[in-house]
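What's in start-v6.txt: compact mmCIF, C-alpha atoms
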```txt
# COMPACT_ATOMS: atom_id res chain seq x y z
CA MET F 53 0.00 0.00 0.00
CA THR F 54 1.17 3.48 -0.77
CA GLY F 55 1.03 6.45 1.56
CA THR F 56 -2.03 7.72 -0.29
CA HIS F 57 -4.10 4.52 0.06
CA ILE F 58 -7.42 4.77 1.96
CA THR F 59 -9.35 1.87 3.47
CA VAL F 60 -12.93 2.28 4.64
CA VAL F 61 -14.50 -0.35 6.90
CA TYR F 62 -18.13 0.09 7.84
CA LYS F 63 -21.43 -1.42 8.85
CA TRP F 64 -25.01 -1.13 7.62
CA THR F 65 -27.69 -2.53 9.95
CA ALA F 66 -30.80 -3.59 8.08
CA GLN F 67 -34.34 -2.99 9.25
CA PRO F 68 -36.21 -6.19 10.16
CA ASP F 69 -36.65 -8.48 7.13
CA LYS F 70 -34.53 -6.19 4.91
CA LEU F 71 -31.14 -7.92 5.03
CA ASP F 72 -31.63 -9.66 1.67
CA GLU F 73 -32.62 -6.36 0.05
CA LEU F 74 -29.63 -4.62 1.62
CA THR F 75 -27.34 -7.37 0.34
CA SER F 76 -28.84 -7.02 -3.14
CA ILE F 77 -28.29 -3.25 -3.18
CA TYR F 78 -24.67 -3.82 -2.20
CA GLY F 79 -24.33 -6.21 -5.11
CA ASP F 80 -25.33 -3.27 -7.31
CA VAL F 81 -22.91 -0.94 -5.49
CA THR F 82 -20.06 -3.41 -5.95
CA TYR F 83 -20.81 -3.80 -9.65
CA ALA F 84 -20.99 -0.01 -10.15
CA MET F 85 -17.66 0.47 -8.36
CA GLU F 86 -15.98 -2.24 -10.42
CA GLN F 87 -17.28 -0.79 -13.69
CA ASN F 88 -17.00 2.95 -13.06
CA GLU F 89 -14.36 3.59 -10.40
CA PRO F 90 -10.80 2.83 -11.53
CA GLY F 91 -9.51 4.21 -8.21
CA ALA F 92 -11.48 1.63 -6.24
CA GLN F 93 -9.00 -1.20 -5.77
CA ALA F 94 -11.22 -3.64 -3.86
CA VAL F 95 -14.63 -4.07 -2.27
CA HIS F 96 -15.56 -6.91 0.05
CA ILE F 97 -19.01 -7.49 1.57
CA TYR F 98 -19.61 -9.66 4.64
CA VAL F 99 -23.10 -10.64 5.84
CA SER F 100 -23.94 -11.14 9.51
CA GLU F 101 -27.36 -12.73 9.80
CA GLN F 102 -26.97 -12.75 13.58
CA GLU F 103 -26.60 -8.94 13.60
CA ASN F 104 -28.91 -8.37 10.61
CA ALA F 105 -26.08 -6.36 9.08
CA LEU F 106 -23.50 -6.00 6.36
CA TYR F 107 -19.85 -5.26 6.99
CA VAL F 108 -18.01 -3.70 4.06
CA ARG F 109 -14.36 -3.02 3.30
CA ASP F 110 -13.54 -0.60 0.48
CA GLU F 111 -9.99 0.06 -0.74
CA PHE F 112 -9.19 3.27 -2.63
CA VAL F 113 -5.95 4.25 -4.33
CA ASP F 114 -6.16 7.77 -2.86
CA ALA F 115 -8.42 10.54 -1.54
CA GLU F 116 -9.43 11.58 -5.05
CA ALA F 117 -10.80 8.07 -5.68
CA LEU F 118 -12.67 8.17 -2.35
CA GLY F 119 -14.13 11.56 -3.25
CA PHE F 120 -15.25 10.26 -6.63
CA HIS F 121 -16.95 7.34 -4.90
CA LEU F 122 -18.75 9.54 -2.37
CA GLN F 123 -19.97 11.93 -5.08
CA ASN F 124 -21.11 9.24 -7.50
CA THR F 125 -21.73 5.62 -6.57
CA ALA F 126 -22.38 6.31 -2.88
CA ALA F 127 -24.62 9.29 -3.64
CA ASP F 128 -26.57 7.27 -6.21
CA HIS F 129 -27.36 4.48 -3.74
CA PHE F 130 -27.52 6.36 -0.44
CA PRO F 131 -31.26 7.24 -0.46
CA GLN F 132 -32.23 3.63 -1.19
CA LEU F 133 -29.88 2.34 1.50
CA LEU F 134 -31.18 4.80 4.11
CA SER F 135 -34.75 3.67 3.44
CA ILE F 136 -33.96 0.13 4.68
CA ALA F 137 -30.83 0.37 6.87
CA THR F 138 -28.90 2.43 9.39
CA PRO F 139 -25.32 3.40 8.50
CA GLY F 140 -22.34 3.26 10.78
CA PRO F 141 -19.97 3.33 12.18
CA PHE F 142 -17.63 4.08 9.29
CA PHE F 143 -13.87 3.90 9.87
CA PHE F 144 -11.73 5.80 7.36
CA LEU F 145 -8.12 4.62 7.50
CA GLY F 146 -5.54 6.77 5.75
CA ASP F 147 -4.96 10.43 4.99
CA VAL F 148 -8.50 11.74 4.38
CA PRO F 149 -8.56 15.48 3.58
CA ALA F 150 -10.67 17.79 5.73
CA GLU F 151 -13.21 18.45 2.95
CA LEU F 152 -13.94 14.73 2.61
CA GLN F 153 -14.19 14.39 6.39
CA GLN F 154 -16.76 17.20 6.35
CA ALA F 155 -18.70 15.48 3.55
CA THR F 156 -18.96 12.30 5.64
CA GLU F 157 -20.19 14.35 8.61
CA GLN F 158 -22.98 15.77 6.43
CA MET F 159 -23.91 12.21 5.45
CA GLN F 160 -24.18 11.31 9.17
CA LEU F 161 -22.12 8.14 8.86
CA GLY F 162 -20.76 8.09 12.40
CA ALA F 163 -17.36 8.47 10.76
CA GLU F 164 -14.05 8.07 12.56
CA PHE F 165 -10.64 8.75 11.02
CA GLY F 166 -7.20 7.28 11.61
CA THR F 167 -3.88 7.79 9.84
CA HIS F 168 -1.47 4.96 9.14
CA THR F 169 1.33 4.53 11.65
CA ALA F 170 2.90 1.13 11.00
CA GLY F 171 2.35 -2.16 9.22
CA PHE F 172 3.40 -4.27 6.26
CA ASP F 173 2.09 -6.14 3.22
CA ARG F 174 3.49 -9.41 1.92
```

Would you kindly transcribe this structure into structure tokens?
Amino acid sequence: MTGTHITVVYKWTAQPDKLDELTSIYGDVTYAMEQNEPGAQAVHIYVSEQENALYVRDEFVDAEALGFHLQNTAADHFPQLLSIATPGPFFFLGDVPAELQQATEQMQLGAEFGTHTAGFDR
């Protein structure tokens, strides 16, 4: 990972009997990201039936790619998601500029931010 890489890990909690619909919407989100967001390096969706929730991990090449995602794919799906699920918390890991932090506050994601200190990839 480069110094510009941003990882976002987050949770959506579905309303009762809406987990399948939430999972389906995230299938659409994943497809849209793969097709339209070259700066999105990876997306992984995990379903917790016990918690009636999805856990998601998005990987972006940099803040510009994250901004593109928030303005496009996320914005396109956000109203539909909010109608059946509660967002958050969202953990943004990497150097996220102040303007993107403010955008996530406006979206009421319960966002938290951390910068990279140490680690390695094999």

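You will find atom CA of F:Val60 at 12.7 Å from atom CA of F:Ala126.
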
In the coordinate frame of the file, compute which residues have an atom within 12 Å of (-15.9, 16.0, 5.8) when using only C-alpha atoms, and state them as an MDAnalysis selection string. chainID F and resid 115 118:119 122 144 148:165

Can those selected residues be exported to a file as a compact mmCIF listing (two decimals), keeping the file's coordinate frame so that it contains C-alpha atoms?
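File written: selection.txt
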```
# COMPACT_ATOMS: atom_id res chain seq x y z
CA ALA F 115 -8.42 10.54 -1.54
CA LEU F 118 -12.67 8.17 -2.35
CA GLY F 119 -14.13 11.56 -3.25
CA LEU F 122 -18.75 9.54 -2.37
CA PHE F 144 -11.73 5.80 7.36
CA VAL F 148 -8.50 11.74 4.38
CA PRO F 149 -8.56 15.48 3.58
CA ALA F 150 -10.67 17.79 5.73
CA GLU F 151 -13.21 18.45 2.95
CA LEU F 152 -13.94 14.73 2.61
CA GLN F 153 -14.19 14.39 6.39
CA GLN F 154 -16.76 17.20 6.35
CA ALA F 155 -18.70 15.48 3.55
CA THR F 156 -18.96 12.30 5.64
CA GLU F 157 -20.19 14.35 8.61
CA GLN F 158 -22.98 15.77 6.43
CA MET F 159 -23.91 12.21 5.45
CA GLN F 160 -24.18 11.31 9.17
CA LEU F 161 -22.12 8.14 8.86
CA GLY F 162 -20.76 8.09 12.40
CA ALA F 163 -17.36 8.47 10.76
CA GLU F 164 -14.05 8.07 12.56
CA PHE F 165 -10.64 8.75 11.02
```

Please provide the set of residues having any atom within 6 Å of stretch 77-92 of chain F, restricted to all atoms listed in the file, with same-chain residues fewer than 2 positions apart removed, written as a VMD selection string. chain F and resid 74 to 75 94 111 to 113 117

Record the distance separating atom CA of F:Thr56 and atom CA of F:Asp147, expressed in Å with one decimal.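 Going from atom CA of F:Thr56 over to atom CA of F:Asp147 covers 6.6 Å.
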
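Residues near the point (-3.0, -11.2, -0.7), at a distance of 12 Å or less over all atoms listed in the file, make up F:Met53, F:Ala94, F:Phe172, F:Asp173, F:Arg174.
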
List the neighbours of F:Ser135 out to 10 Å using all atoms listed in the file; skip same-chain residues closer than 2 positions along the sequence, and give me the result as a PyMOL selection string. chain F and resi 66-67+70+74+130-133+137-138

Residues just named, written with C-alpha atoms as a compact mmCIF listing (two decimals), in the frame of the given file:
```txt
# COMPACT_ATOMS: atom_id res chain seq x y z
CA ALA F 66 -30.80 -3.59 8.08
CA GLN F 67 -34.34 -2.99 9.25
CA LYS F 70 -34.53 -6.19 4.91
CA LEU F 74 -29.63 -4.62 1.62
CA PHE F 130 -27.52 6.36 -0.44
CA PRO F 131 -31.26 7.24 -0.46
CA GLN F 132 -32.23 3.63 -1.19
CA LEU F 133 -29.88 2.34 1.50
CA ALA F 137 -30.83 0.37 6.87
CA THR F 138 -28.90 2.43 9.39
```

Go ahead and compute the interatomic distance for atom CA of F:Ala127 and atom CA of F:His57, in Å to one decimal. 21.4 Å

Might you pull out every residue within 7 Å of F:Ala105, with all atoms listed in the file counted and same-chain residues fewer than 5 positions away left off, and present them as a list in words?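 So, after excluding close chain neighbours, the residues are Lys63, Trp64, Thr65, Ala66, Leu71, Val99 and Ser100 of chain F.
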
Which neighbours of F:His96 fall inside 8 Å, counting only C-alpha atoms, when residues of the same chain fewer than 6 positions from it are skipped, and could you give them as a list in words?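 Listing them by chain and then by number gives Val108, Arg109 and Asp110 of chain F.
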
Just the selected residues (C-alpha atoms), exported as an mmCIF file, in the coordinates of the input, please.
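Produced file again-v2.cif, reproduced below:
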```
data_model
loop_
_atom_site.group_PDB
_atom_site.id
_atom_site.type_symbol
_atom_site.label_atom_id
_atom_site.label_comp_id
_atom_site.auth_asym_id
_atom_site.auth_seq_id
_atom_site.Cartn_x
_atom_site.Cartn_y
_atom_site.Cartn_z
ATOM 1 C CA VAL F 108 -18.010 -3.700 4.060
ATOM 2 C CA ARG F 109 -14.360 -3.020 3.300
ATOM 3 C CA ASP F 110 -13.540 -0.600 0.480
#
```

Pick out the closest residue to F:Pro139 from this set: F:Ile97, F:Leu106, F:Ala170, F:Ser76. Count only C-alpha atoms.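 Looking only at the distances to F:Pro139, the closest residue turns out to be F:Leu106.
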